[in-house]
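A.B. asks: One file: run.cif (mmCIF, C-alpha atoms and all ligand atoms).
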data_query
loop_
_atom_site.label_atom_id
_atom_site.label_comp_id
_atom_site.auth_asym_id
_atom_site.auth_seq_id
_atom_site.Cartn_x
_atom_site.Cartn_y
_atom_site.Cartn_z
CA MET H 1441 0.00 0.00 0.00
CA ARG H 1442 1.44 3.37 -0.98
CA PHE H 1443 0.45 6.70 0.47
CA PRO H 1444 0.26 9.57 -2.04
CA GLY H 1445 0.98 12.09 0.71
CA LEU H 1446 4.16 10.29 1.67
CA ASP H 1447 5.25 10.19 -1.97
CA ARG H 1448 4.87 13.97 -2.14
CA LEU H 1449 6.90 14.43 1.01
CA TYR H 1450 9.62 12.18 -0.40
CA ARG H 1451 9.67 14.21 -3.59
CA LEU H 1452 10.15 17.41 -1.66
CA PHE H 1453 12.57 16.18 0.94
CA SER H 1454 14.79 13.58 -0.71
CA HIS H 1455 17.32 13.50 -3.51
CA ASP H 1456 16.78 11.40 -6.58
CA VAL H 1457 20.11 10.04 -7.70
CA GLY H 1458 21.34 8.25 -10.83
CA ILE H 1459 24.54 6.20 -10.54
CA ASP H 1460 26.79 4.66 -13.18
CA LEU H 1461 28.95 2.32 -11.14
CA GLY H 1462 31.51 1.46 -13.80
CA THR H 1463 34.59 -0.74 -13.57
CA ALA H 1464 36.73 2.33 -14.30
CA ASN H 1465 34.62 5.35 -13.30
CA THR H 1466 31.66 6.06 -11.07
CA LEU H 1467 29.36 8.94 -12.06
CA VAL H 1468 26.51 10.38 -10.05
CA TYR H 1469 23.62 12.46 -11.37
CA VAL H 1470 21.34 14.33 -9.00
CA LYS H 1471 17.92 15.51 -10.10
CA GLY H 1472 17.96 19.27 -10.35
CA HIS H 1473 21.78 19.42 -10.25
CA GLY H 1474 23.01 17.30 -13.16
CA ILE H 1475 26.20 15.22 -13.01
CA VAL H 1476 27.85 16.10 -9.71
CA ILE H 1477 30.40 13.33 -9.25
CA VAL H 1478 32.87 11.77 -11.70
CA GLU H 1479 35.49 9.70 -9.90
CA PRO H 1480 37.56 6.59 -10.65
CA SER H 1481 36.07 3.41 -9.11
CA ILE H 1482 39.12 2.83 -6.97
CA VAL H 1483 39.90 2.90 -3.27
CA ALA H 1484 43.04 2.56 -1.20
CA VAL H 1485 42.73 0.31 1.84
CA ASN H 1486 45.04 0.17 4.85
CA THR H 1487 45.70 -3.57 5.10
CA LYS H 1488 46.63 -3.33 8.80
CA THR H 1489 43.38 -1.70 9.91
CA GLY H 1490 41.10 -2.62 7.01
CA ARG H 1491 40.07 1.07 6.78
CA LEU H 1492 39.64 3.02 3.53
CA VAL H 1493 42.27 5.72 3.31
CA ALA H 1494 41.33 7.22 -0.06
CA ILE H 1495 38.45 7.02 -2.52
CA GLY H 1496 38.23 7.91 -6.20
CA ALA H 1497 40.69 10.37 -7.72
CA ASP H 1498 42.72 10.50 -4.48
CA ALA H 1499 43.16 6.73 -4.61
CA LYS H 1500 43.99 6.73 -8.34
CA GLN H 1501 46.90 9.09 -7.60
CA MET H 1502 48.32 6.30 -5.43
CA VAL H 1503 48.23 3.55 -8.08
CA GLY H 1504 51.71 2.10 -8.50
CA ARG H 1505 53.05 4.15 -5.60
CA THR H 1506 51.64 2.39 -2.54
CA PRO H 1507 53.74 1.41 0.48
CA ALA H 1508 53.40 -2.14 1.79
CA HIS H 1509 50.51 -1.44 4.15
CA LEU H 1510 48.30 0.17 1.48
CA GLU H 1511 46.41 -1.81 -1.11
CA ILE H 1512 44.58 -0.45 -4.14
CA VAL H 1513 41.19 -2.11 -4.59
CA ARG H 1514 38.88 -1.90 -7.58
CA PRO H 1515 35.60 -3.15 -6.18
CA LEU H 1516 34.20 -4.09 -9.58
CA VAL H 1517 35.90 -6.75 -11.60
CA ASP H 1518 34.45 -7.74 -14.97
CA GLY H 1519 31.56 -5.40 -14.30
CA VAL H 1520 30.28 -7.19 -11.21
CA ILE H 1521 30.88 -6.53 -7.55
CA SER H 1522 33.95 -8.41 -6.37
CA ASN H 1523 34.23 -6.65 -3.05
CA PHE H 1524 30.86 -6.00 -1.47
CA GLU H 1525 32.01 -4.02 1.59
CA VAL H 1526 34.18 -1.66 -0.43
CA THR H 1527 31.41 -1.09 -3.00
CA GLU H 1528 28.99 -0.26 -0.24
CA GLU H 1529 31.48 2.14 1.36
CA ILE H 1530 32.11 3.94 -1.94
CA LEU H 1531 28.38 4.31 -2.59
CA ALA H 1532 27.77 5.49 0.97
CA TYR H 1533 30.56 8.06 0.61
CA PHE H 1534 29.11 9.42 -2.66
CA LEU H 1535 25.55 9.49 -1.29
CA LYS H 1536 26.82 11.47 1.70
CA ARG H 1537 28.46 13.96 -0.63
CA VAL H 1538 25.18 14.26 -2.53
CA ALA H 1539 23.22 14.79 0.70
CA ARG H 1540 25.34 17.88 1.42
CA LEU H 1541 24.03 19.56 -1.75
CA GLU H 1542 20.71 20.35 -0.06
CA PRO H 1543 20.73 19.62 3.67
CA ARG H 1544 16.97 20.12 4.00
CA LYS H 1545 16.47 16.99 1.91
CA PHE H 1546 16.79 14.68 4.89
CA PHE H 1547 15.03 11.54 3.60
CA ARG H 1548 17.13 8.79 2.15
CA PRO H 1549 17.50 9.06 -1.66
CA GLN H 1550 15.85 7.05 -4.38
CA VAL H 1551 18.48 5.62 -6.73
CA VAL H 1552 18.57 4.47 -10.35
CA ILE H 1553 21.72 2.41 -10.91
CA GLY H 1554 23.18 0.73 -14.00
CA VAL H 1555 24.48 -2.83 -14.26
CA PRO H 1556 26.13 -4.61 -17.22
CA SER H 1557 23.71 -6.50 -19.47
CA GLY H 1558 23.27 -10.19 -18.87
CA ILE H 1559 24.63 -10.39 -15.33
CA THR H 1560 23.05 -13.01 -13.07
CA ASN H 1561 20.16 -12.35 -10.66
CA VAL H 1562 22.52 -12.94 -7.78
CA GLU H 1563 24.87 -10.26 -9.13
CA VAL H 1564 21.99 -7.83 -9.62
CA ARG H 1565 20.85 -8.50 -6.07
CA ALA H 1566 24.34 -7.70 -4.78
CA VAL H 1567 24.15 -4.29 -6.48
CA ARG H 1568 20.69 -3.66 -5.01
CA ASP H 1569 21.79 -4.69 -1.53
CA ALA H 1570 25.00 -2.64 -1.62
CA THR H 1571 23.06 0.44 -2.76
CA ARG H 1572 20.40 -0.02 -0.08
CA GLN H 1573 22.95 -0.56 2.64
CA ALA H 1574 24.79 2.53 1.43
CA GLY H 1575 21.68 4.51 2.33
CA ALA H 1576 19.22 4.37 -0.58
CA ARG H 1577 15.52 4.28 0.21
CA ALA H 1578 14.62 2.59 -3.08
CA VAL H 1579 16.85 1.10 -5.78
CA HIS H 1580 15.90 0.81 -9.45
CA VAL H 1581 18.24 -1.19 -11.65
CA VAL H 1582 18.70 -0.62 -15.38
CA GLU H 1583 20.97 -2.43 -17.81
CA GLU H 1584 23.79 -0.11 -18.84
CA PRO H 1585 23.36 -0.35 -22.63
CA MET H 1586 19.69 0.56 -22.20
CA ALA H 1587 20.64 3.49 -19.96
CA ALA H 1588 23.27 4.56 -22.52
CA ALA H 1589 20.71 4.39 -25.34
CA ILE H 1590 18.30 6.54 -23.33
CA GLY H 1591 21.13 8.92 -22.43
CA ILE H 1592 21.92 9.31 -26.13
CA ARG H 1593 18.19 9.90 -26.68
CA LEU H 1594 17.63 6.99 -29.02
CA ALA H 1595 13.98 6.09 -29.47
CA VAL H 1596 14.37 2.81 -27.57
CA ARG H 1597 10.66 1.94 -27.61
CA GLU H 1598 10.22 2.21 -31.39
CA PRO H 1599 10.01 -0.97 -33.45
CA VAL H 1600 13.45 -0.14 -34.84
CA GLY H 1601 16.64 -1.93 -33.86
CA ASN H 1602 19.74 -0.11 -32.58
CA LEU H 1603 23.15 -1.57 -31.79
CA ILE H 1604 25.01 -0.02 -28.87
CA VAL H 1605 28.61 -0.93 -28.07
CA ASP H 1606 29.61 0.41 -24.64
CA ILE H 1607 33.34 -0.06 -24.07
CA GLY H 1608 34.40 0.58 -20.49
CA GLY H 1609 37.46 -0.31 -18.44
CA GLY H 1610 36.78 -3.92 -17.48
CA THR H 1611 33.96 -4.89 -19.82
CA ALA H 1612 32.41 -4.09 -23.16
CA ASP H 1613 28.67 -4.43 -23.53
CA ILE H 1614 27.30 -5.10 -27.01
CA ALA H 1615 23.53 -4.83 -27.12
CA VAL H 1616 20.77 -4.71 -29.69
CA ILE H 1617 17.80 -2.70 -28.45
CA SER H 1618 14.31 -2.59 -29.91
CA LEU H 1619 10.77 -2.07 -28.57
CA GLY H 1620 12.03 -1.07 -25.14
CA GLY H 1621 14.02 -4.23 -24.57
CA ILE H 1622 17.37 -5.87 -25.24
CA VAL H 1623 16.97 -8.24 -28.18
CA ARG H 1624 20.52 -9.63 -28.18
CA SER H 1625 23.54 -8.84 -26.07
CA LYS H 1626 27.00 -9.94 -25.20
CA ASN H 1627 29.11 -8.87 -22.28
CA LEU H 1628 32.82 -9.15 -23.05
CA ARG H 1629 35.47 -9.09 -20.38
CA LEU H 1630 37.73 -7.24 -22.75
CA ALA H 1631 37.88 -3.45 -22.76
CA GLY H 1632 40.13 -0.50 -21.90
CA ASP H 1633 42.09 -2.21 -19.12
CA ARG H 1634 43.03 -5.05 -21.44
CA LEU H 1635 44.40 -2.57 -23.99
CA ASN H 1636 46.56 -1.04 -21.24
CA ARG H 1637 47.92 -4.48 -20.38
CA ASP H 1638 48.58 -5.15 -24.09
CA ILE H 1639 50.67 -1.99 -24.25
CA ILE H 1640 52.62 -3.01 -21.13
CA ALA H 1641 53.35 -6.45 -22.64
CA TYR H 1642 54.39 -4.97 -25.99
CA VAL H 1643 56.73 -2.39 -24.47
CA ARG H 1644 58.25 -5.08 -22.25
CA ASP H 1645 58.93 -7.35 -25.25
CA GLU H 1646 59.93 -4.76 -27.84
CA PHE H 1647 61.65 -2.08 -25.75
CA LYS H 1648 62.67 -4.15 -22.70
CA ILE H 1649 61.03 -1.52 -20.52
CA LEU H 1650 58.63 -2.15 -17.69
CA LEU H 1651 55.77 0.38 -17.81
CA GLY H 1652 53.29 1.18 -15.08
CA GLU H 1653 49.56 0.77 -15.64
CA LYS H 1654 48.91 4.50 -15.48
CA THR H 1655 51.61 5.29 -18.02
CA ALA H 1656 50.24 2.65 -20.39
CA GLU H 1657 46.78 4.22 -20.15
CA GLU H 1658 48.21 7.69 -20.79
CA VAL H 1659 49.98 6.42 -23.91
CA LYS H 1660 46.77 4.78 -25.15
CA ILE H 1661 44.76 7.95 -24.66
CA ALA H 1662 47.44 10.23 -26.12
CA ILE H 1663 48.40 8.33 -29.29
CA GLY H 1664 46.35 5.12 -29.40
CA SER H 1665 44.80 4.51 -32.79
CA VAL H 1666 43.60 1.48 -34.72
CA TRP H 1667 43.26 3.26 -38.05
CA LYS H 1668 45.73 4.88 -40.42
CA GLN H 1669 46.91 8.28 -39.24
CA PRO H 1670 47.69 11.14 -41.63
CA ALA H 1671 51.01 11.62 -39.78
CA PRO H 1672 52.67 9.35 -37.21
CA LEU H 1673 51.96 10.17 -33.56
CA GLU H 1674 54.65 9.82 -30.92
CA ALA H 1675 54.88 9.71 -27.16
CA THR H 1676 57.81 9.46 -24.79
CA ILE H 1677 57.52 6.65 -22.30
CA ARG H 1678 59.40 6.26 -19.05
CA GLY H 1679 59.78 3.01 -17.21
CA ARG H 1680 62.33 0.60 -15.80
CA ASP H 1681 64.94 -0.92 -18.08
CA LEU H 1682 64.49 -4.68 -17.70
CA VAL H 1683 68.20 -5.29 -18.38
CA THR H 1684 69.89 -2.70 -16.16
CA GLY H 1685 67.03 -2.14 -13.72
CA LEU H 1686 67.51 1.62 -14.13
CA PRO H 1687 65.01 4.20 -15.40
CA LYS H 1688 64.84 4.41 -19.18
CA GLU H 1689 63.07 6.53 -21.78
CA ALA H 1690 61.93 5.60 -25.26
CA VAL H 1691 59.76 7.00 -28.01
CA ILE H 1692 56.71 4.97 -28.97
CA THR H 1693 54.51 5.62 -32.01
CA ASP H 1694 50.86 5.04 -32.84
CA ALA H 1695 51.99 2.15 -35.06
CA ASP H 1696 53.48 0.44 -31.98
CA VAL H 1697 50.26 0.91 -30.04
CA LYS H 1698 48.21 -0.36 -32.98
CA GLU H 1699 50.30 -3.51 -33.09
CA ALA H 1700 50.16 -3.91 -29.31
CA ILE H 1701 46.38 -3.75 -29.08
CA GLY H 1702 45.60 -5.29 -32.48
CA LEU H 1703 44.57 -8.76 -31.28
CA SER H 1704 42.29 -7.46 -28.55
CA VAL H 1705 40.65 -4.98 -30.89
CA SER H 1706 40.06 -7.78 -33.44
CA SER H 1707 38.35 -9.84 -30.73
CA LEU H 1708 36.11 -6.89 -30.02
CA VAL H 1709 35.20 -6.52 -33.69
CA GLU H 1710 34.55 -10.29 -33.87
CA ALA H 1711 32.23 -10.10 -30.87
CA VAL H 1712 30.17 -7.34 -32.50
CA LYS H 1713 30.02 -9.50 -35.64
CA GLU H 1714 28.76 -12.47 -33.61
CA VAL H 1715 26.00 -10.41 -32.04
CA LEU H 1716 24.95 -9.20 -35.49
CA GLU H 1717 24.96 -12.78 -36.80
CA SER H 1718 22.52 -13.88 -34.11
CA THR H 1719 20.25 -10.85 -34.56
CA PRO H 1720 16.99 -11.29 -36.53
CA PRO H 1721 17.35 -10.08 -40.16
CA GLU H 1722 14.74 -7.30 -39.87
CA VAL H 1723 16.65 -5.81 -36.98
CA VAL H 1724 19.99 -6.16 -38.79
CA SER H 1725 18.53 -4.19 -41.64
CA ASP H 1726 17.50 -1.45 -39.16
CA ILE H 1727 21.03 -1.39 -37.77
CA MET H 1728 22.58 -1.12 -41.24
CA HIS H 1729 20.40 1.91 -41.72
CA GLN H 1730 20.73 3.49 -38.25
CA GLY H 1731 24.39 2.65 -37.79
CA ILE H 1732 26.23 1.29 -34.74
CA ILE H 1733 26.59 3.61 -31.76
CA LEU H 1734 29.73 3.60 -29.61
CA ALA H 1735 29.63 4.70 -25.98
CA GLY H 1736 31.88 4.43 -22.91
CA GLY H 1737 35.46 5.69 -22.64
CA GLY H 1738 36.69 3.09 -25.14
CA ALA H 1739 34.60 4.79 -27.84
CA LEU H 1740 37.26 7.51 -27.83
CA LEU H 1741 40.02 5.15 -28.96
CA GLY H 1742 41.41 6.71 -32.14
CA GLY H 1743 40.03 5.21 -35.35
CA LEU H 1744 37.81 2.60 -33.68
CA GLY H 1745 34.74 3.95 -35.46
CA GLU H 1746 36.49 3.81 -38.85
CA LEU H 1747 37.79 0.28 -38.20
CA LEU H 1748 34.36 -1.07 -37.17
CA ALA H 1749 32.65 0.62 -40.11
CA HIS H 1750 35.23 -0.86 -42.48
CA GLU H 1751 35.07 -4.40 -41.03
CA LEU H 1752 31.29 -4.59 -40.64
CA LYS H 1753 30.24 -2.43 -43.59
CA ILE H 1754 27.88 -0.53 -41.31
CA PRO H 1755 28.13 3.17 -40.47
CA VAL H 1756 29.34 3.95 -36.95
CA THR H 1757 28.64 6.99 -34.79
CA ILE H 1758 30.39 7.89 -31.55
CA ALA H 1759 28.00 9.13 -28.89
CA ASP H 1760 28.46 12.72 -27.78
CA ASP H 1761 30.34 12.67 -24.50
CA PRO H 1762 30.45 8.85 -24.49
CA LEU H 1763 31.77 8.60 -20.89
CA THR H 1764 28.58 10.12 -19.47
CA ALA H 1765 25.95 8.38 -21.64
CA VAL H 1766 24.95 5.82 -18.99
CA VAL H 1767 24.59 8.31 -16.14
CA ARG H 1768 22.71 10.77 -18.36
CA GLY H 1769 20.31 7.92 -19.17
CA ALA H 1770 19.89 7.14 -15.48
CA GLY H 1771 19.09 10.84 -15.00
CA ILE H 1772 16.44 10.82 -17.73
CA ILE H 1773 14.87 7.72 -16.16
CA LEU H 1774 14.80 9.49 -12.78
CA GLU H 1775 13.10 12.53 -14.22
CA ASN H 1776 10.15 10.32 -15.06
CA LEU H 1777 10.40 7.05 -13.22
CA GLU H 1778 6.81 5.96 -13.79
CA ALA H 1779 7.14 6.23 -17.58
CA HIS H 1780 10.31 4.11 -17.49
CA ARG H 1781 9.20 1.28 -15.18
CA ASP H 1782 8.95 -1.10 -18.16
CA ILE H 1783 12.63 -0.90 -18.98
CA LEU H 1784 13.92 -1.37 -15.41
CA LEU H 1785 15.00 -4.82 -14.27
CA PRO H 1786 12.27 -6.43 -12.15
CA ASP H 1787 12.87 -6.42 -8.42
CA GLU H 1788 12.20 -10.00 -7.28
CA ASP H 1789 11.38 -8.81 -3.78
CA GLU H 1790 8.54 -6.74 -5.20
CA LEU H 1791 7.19 -9.25 -7.73
CA PRO H 1792 3.64 -10.37 -7.11
CA ARG H 1793 3.58 -13.92 -5.82
P1 LIG T 1 33.50 1.97 -17.06
O1 LIG T 1 32.09 2.16 -17.53
O2 LIG T 1 33.95 0.53 -17.07
O3 LIG T 1 33.75 2.64 -15.75
P2 LIG T 1 34.32 4.13 -18.80
O4 LIG T 1 33.19 4.19 -19.76
O5 LIG T 1 34.39 5.16 -17.75
O6 LIG T 1 34.43 2.68 -18.13
O7 LIG T 1 35.66 4.14 -19.68
C1 LIG T 1 36.91 3.97 -19.09
C2 LIG T 1 37.87 3.40 -20.10
O8 LIG T 1 37.93 4.27 -21.23
C3 LIG T 1 39.28 3.29 -19.55
O9 LIG T 1 39.82 2.02 -19.88
C4 LIG T 1 40.02 4.41 -20.28
O10 LIG T 1 41.39 4.08 -20.50
C5 LIG T 1 39.28 4.46 -21.59
N1 LIG T 1 39.44 5.76 -22.27
C6 LIG T 1 39.09 6.98 -21.82
N2 LIG T 1 39.42 7.93 -22.71
C7 LIG T 1 39.98 7.29 -23.77
C8 LIG T 1 40.57 7.71 -25.01
N3 LIG T 1 40.60 9.00 -25.36
N4 LIG T 1 41.05 6.77 -25.84
C9 LIG T 1 41.02 5.46 -25.50
N5 LIG T 1 40.51 5.00 -24.35
C10 LIG T 1 40.00 5.90 -23.50
MG MG T 2 30.33 1.93 -18.23
#
Would you kindly transcribe this structure into C-alpha cells?
C.D. replies:
Amino acid sequence: MRFPGLDRLYRLFSHDVGIDLGTANTLVYVKGHGIVIVEPSIVAVNTKTGRLVAIGADAKQMVGRTPAHLEIVRPLVDGVISNFEVTEEILAYFLKRVARLEPRKFFRPQVVIGVPSGITNVEVRAVRDATRQAGARAVHVVEEPMAAAIGIRLAVREPVGNLIVDIGGGTADIAVISLGGIVRSKNLRLAGDRLNRDIIAYVRDEFKILLGEKTAEEVKIAIGSVWKQPAPLEATIRGRDLVTGLPKEAVITDADVKEAIGLSVSSLVEAVKEVLESTPPEVVSDIMHQGIILAGGGALLGGLGELLAHELKIPVTIADDPLTAVVRGAGIILENLEAHRDILLPDEDELPR
C-alpha cells in the first residue's frame, strides 16, 4: 500500500540520484543538479586496519606508488561486484556527498543504478543490496546499454533496432535494443584495461622496458589509434629498463600501439560481428540503416569507429560525451520514473507472488 501524501513528502525532501557504477569510473547524477560526481572506481585500503584511506581520484593518484601497508582495490571486476564491503562504502561516501548539496532533503534518496547487461540475478541483487545498505531508500536497476541508449536519446521503444557498443574499463557491452528491450547482447570481459595491459606487454617485449599501468593508459589515450593516421603520432615513455634495472626513456609511435592492441581490438570486432549474426534479419537491416553507436570511454580510442565501419560495412557513430551516456540515461529515467518502469530490471522482492 502506498500513500500519495508520503510520496509527495519524499519528492520534496529527498534527492533522486542516478549512478553509473563502472569498472573504471563512477558517475553520479542528482535531479535538479546534473552530473555532480565523476570519480575513478578505486579505493586505497590500509591492510593493517582494514580502513579506507582514499576514494576515487585521491586513490587513483596512489596507483603504482603504494607502500606495503596500502592496497589499491577496484571493487568491480568484470563489471560485477567483487568486493561488497568496499562497493557499499564507496556508494555510501558518494551518497553522503550528494546529501550535502541540499541539507533540508533529509530523507534517504531514491536511486537508479546501472548494471552490465546479462549479469546473473545474484549479481543484480548484490548491487541492489549494496546500494540499499549505502543509504538508498529505493533502488531501481537498469541495464547499462539501455541506460546509454536513453542517455543518447535513441527512441528505444520504437520498433526499430539499434546496436550499442559500450566499451568501459573492465567490460564491453554489445547490445541490440528494440521495442524497449534488449533483443541480443554480449558482455565481453575485454575493454580498456586489457588494452593497457597489451601496451605493457608490448613495451616489455619490444623495448625491454617495464611500464606502469597508469603510463600505459596515458599512452593509449594520447596516441592510441587502430586506423591509419595522416602523420605518425609519438609519445615518450618512461619506465624501468628490464636489463639494467635503471630508469629508461623511449619513443613509442601510434603504429606500436596499434600492433600492441591489435589482437584485442580484433576480438572486439569479432564479438560485435557475432552479435549481429545472431540478430533477426529485420533488426539487422534497421542497424545497417541506423548505424552502430559507440559509448563508454573506449569509444574515444582513435580510429575505432572507422575500423568497425570498415570491417562490418555498417556506419558507426560515436555518442556525444560517451563517458557520461549511462549516467545521463539514469538521470532521464529518474526525471520520469513511472514512464520508465517497463525498462527497469524487475525487483524479485517486489514481484507479485
Ligand atoms: P567503465 O564504464 O567501465 O567505468 P568508462 O566508460 O568510464 O568505463 O571508460 C573507461 C575506459 O575508457 C578506460 O579504460 C580508459 O582508459 C578508456 N578511455 C578513456 N578515454 C579514452 C581515449 N581517449 N582513448 C582510448 N581509451 C580511453
Ligand atoms: Mg560503463
A.B. asks: Just the number, please: distance in Å from atom C9 of ligand LIG 1 (chain T) to atom CA of H:Pro1585, one decimal.
C.D. replies: 18.8 Å
A.B. asks: Can you list every residue of chain H that has an atom at most 9 Å from ligand LIG 1 (chain T), with its nearest atom pair and the distance in Å to one decimal, using only C-alpha atoms and all ligand atoms, ordered by chain then number, as a Markdown table?
C.D. replies:
| residue | atom | partner | partner_atom | distance |
| --- | --- | --- | --- | --- |
| H:Asp1460 | CA | T:LIG1 | O1 | 7.3 |
| H:Leu1461 | CA | T:LIG1 | O3 | 6.7 |
| H:Gly1462 | CA | T:LIG1 | O3 | 3.2 |
| H:Thr1463 | CA | T:LIG1 | O2 | 3.8 |
| H:Ala1464 | CA | T:LIG1 | O3 | 3.3 |
| H:Asn1465 | CA | T:LIG1 | O3 | 3.8 |
| H:Thr1466 | CA | T:LIG1 | O3 | 6.2 |
| H:Leu1467 | CA | T:LIG1 | O5 | 8.5 |
| H:Pro1480 | CA | T:LIG1 | O3 | 7.5 |
| H:Ser1481 | CA | T:LIG1 | O3 | 7.1 |
| H:Leu1516 | CA | T:LIG1 | O2 | 8.8 |
| H:Asp1518 | CA | T:LIG1 | O2 | 8.5 |
| H:Gly1519 | CA | T:LIG1 | O2 | 7.0 |
| H:Glu1584 | CA | T:LIG1 | O1 | 8.7 |
| H:Asp1606 | CA | T:LIG1 | O4 | 7.1 |
| H:Ile1607 | CA | T:LIG1 | O4 | 6.1 |
| H:Gly1608 | CA | T:LIG1 | O6 | 3.2 |
| H:Gly1609 | CA | T:LIG1 | O9 | 3.6 |
| H:Gly1610 | CA | T:LIG1 | O2 | 5.3 |
| H:Thr1611 | CA | T:LIG1 | O2 | 6.1 |
| H:Ala1612 | CA | T:LIG1 | O2 | 7.8 |
| H:Ala1631 | CA | T:LIG1 | O9 | 6.5 |
| H:Gly1632 | CA | T:LIG1 | O9 | 3.2 |
| H:Asp1633 | CA | T:LIG1 | O9 | 4.9 |
| H:Arg1634 | CA | T:LIG1 | O9 | 7.9 |
| H:Leu1635 | CA | T:LIG1 | O9 | 7.7 |
| H:Asn1636 | CA | T:LIG1 | O10 | 7.3 |
| H:Ala1656 | CA | T:LIG1 | O10 | 9.0 |
| H:Glu1657 | CA | T:LIG1 | O10 | 5.4 |
| H:Glu1658 | CA | T:LIG1 | O10 | 7.7 |
| H:Lys1660 | CA | T:LIG1 | C9 | 5.8 |
| H:Ile1661 | CA | T:LIG1 | N4 | 4.1 |
| H:Ala1662 | CA | T:LIG1 | N3 | 7.0 |
| H:Ile1663 | CA | T:LIG1 | N4 | 8.3 |
| H:Gly1664 | CA | T:LIG1 | N4 | 6.6 |
| H:Ser1665 | CA | T:LIG1 | N4 | 8.2 |
| H:Ala1735 | CA | T:LIG1 | O4 | 7.2 |
| H:Gly1736 | CA | T:LIG1 | O4 | 3.4 |
| H:Gly1737 | CA | T:LIG1 | O8 | 3.2 |
| H:Gly1738 | CA | T:LIG1 | O8 | 4.3 |
| H:Ala1739 | CA | T:LIG1 | C9 | 6.9 |
| H:Leu1740 | CA | T:LIG1 | N4 | 4.3 |
| H:Leu1741 | CA | T:LIG1 | C9 | 3.6 |
| H:Gly1742 | CA | T:LIG1 | N4 | 6.3 |
| H:Pro1762 | CA | T:LIG1 | O4 | 7.2 |
| H:Leu1763 | CA | T:LIG1 | O4 | 4.8 |
| H:Thr1764 | CA | T:LIG1 | O4 | 7.5 |
| H:Ala1765 | CA | T:LIG1 | O4 | 8.6 |
| H:Val1766 | CA | T:LIG1 | O1 | 8.2 |
A.B. asks: Which residue gives the smallest distance to ligand MG 2 (chain T) among H:Leu1784, H:Ala1497, H:Ala1770, H:Val1538, with all atoms listed in the file counted?
C.D. replies: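 Ranked by minimum distance to ligand MG 2 (chain T), first place goes to H:Ala1770.
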A.B. asks: What is the atom CA of H:Phe1546 to atom CA of H:Leu1452 distance in Å?
C.D. replies: 9.7 Å
A.B. asks: When you draw a straight line from atom CA of H:Ile1727 to atom CA of H:Val1705, how long is it in Å?
C.D. replies: 21.1 Å
A.B. asks: Using all atoms listed in the file, which residue out of H:Leu1603, H:Val1478, H:Ile1772, H:Leu1785 lies closest to H:Val1623?
C.D. replies: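 Between H:Leu1603, H:Val1478, H:Ile1772, H:Leu1785, the residue approaching H:Val1623 most closely is H:Leu1603.
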A.B. asks: Which one is closest to ligand MG 2 (chain T): H:Met1586, H:Val1691, H:Ala1484, H:Ile1617? Count only C-alpha atoms and all ligand atoms.
C.D. replies: H:Met1586
A.B. asks: What lies within 10 Å of H:Gly1490 using only C-alpha atoms, ignoring chain neighbours under 5 positions off, as a ChimeraX atom specification?
C.D. replies: /H:1484-1485,1509-1511
A.B. asks: So which one's closest to H:Glu1646, H:Ala1690, H:Val1551, H:Ala1587, H:Leu1673? Using only C-alpha atoms, please.
C.D. replies: H:Ala1690
A.B. asks: Emit as lines of an AutoDock Vina configuration file the padded axis-aligned box for all listed atoms of stretch 1514-1518 of chain H, 5 Å per side, with centre and edge lengths in Å to one decimal.
C.D. replies:
center_x = 36.5
center_y = -4.8
center_z = -10.6
size_x = 14.7
size_y = 15.8
size_z = 18.8
A.B. asks: Could you give me, as a list in words, the residues within 9 Å of H:Glu1699, counting all atoms listed in the file and dropping anything in the same chain fewer than 6 positions from it?
C.D. replies: Ile1639, Tyr1642 and Val1666 of chain H
A.B. asks: Need the shell around H:Val1600: protein/DNA/RNA residues with any atom at most 7 Å away, counting all atoms listed in the file. Skip same-chain ones fewer than 6 positions apart. Format as a list in words?
C.D. replies: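 Listed by chain and then number, they are Ser1618, Val1723 and Asp1726 of chain H.
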A.B. asks: Pick from H:Gly1575, H:Gly1458, H:Pro1720, H:Pro1543: nearest to H:Ile1530, with all atoms listed in the file counted?
C.D. replies: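 Closest residue, counting all atoms listed in the file: H:Gly1575.
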A.B. asks: Quick one: residues within 9 Å of H:Ala1700, all atoms listed in the file counted, chain neighbours fewer than 3 positions away excluded, as a ChimeraX atom specification?
C.D. replies: /H:1635,1638-1643,1695-1697,1703-1704
A.B. asks: Up to 9 Å from (20.7, 13.0, -10.8) in the file's coordinates: name the residues, counting only C-alpha atoms, as a ChimeraX atom specification.
C.D. replies: /H:1455-1459,1468-1476,1551-1552,1767-1768,1770-1772,1774-1775
A.B. asks: Which one of H:Leu1449, H:Ala1711, H:Ile1692, H:Leu1734 sits closest to ligand MG 2 (chain T) if you count all atoms listed in the file?
C.D. replies: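 Answer, going by the shortest atom-to-atom distance: H:Leu1734.
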A.B. asks: Find the spatial neighbours of H:Ala1576, counting only C-alpha atoms, within a cut-off of 9 Å - ignore same-chain residues fewer than 5 positions away - and output them as a count of residues only.
C.D. replies: 7
A.B. asks: May I have the protein, DNA and RNA residues with any atom at most 12 Å from the point (45.5, 6.9, -1.3), counting all atoms listed in the file, written as a PyMOL selection string?
C.D. replies: chain H and resi 1482-1486+1491-1507+1509-1513
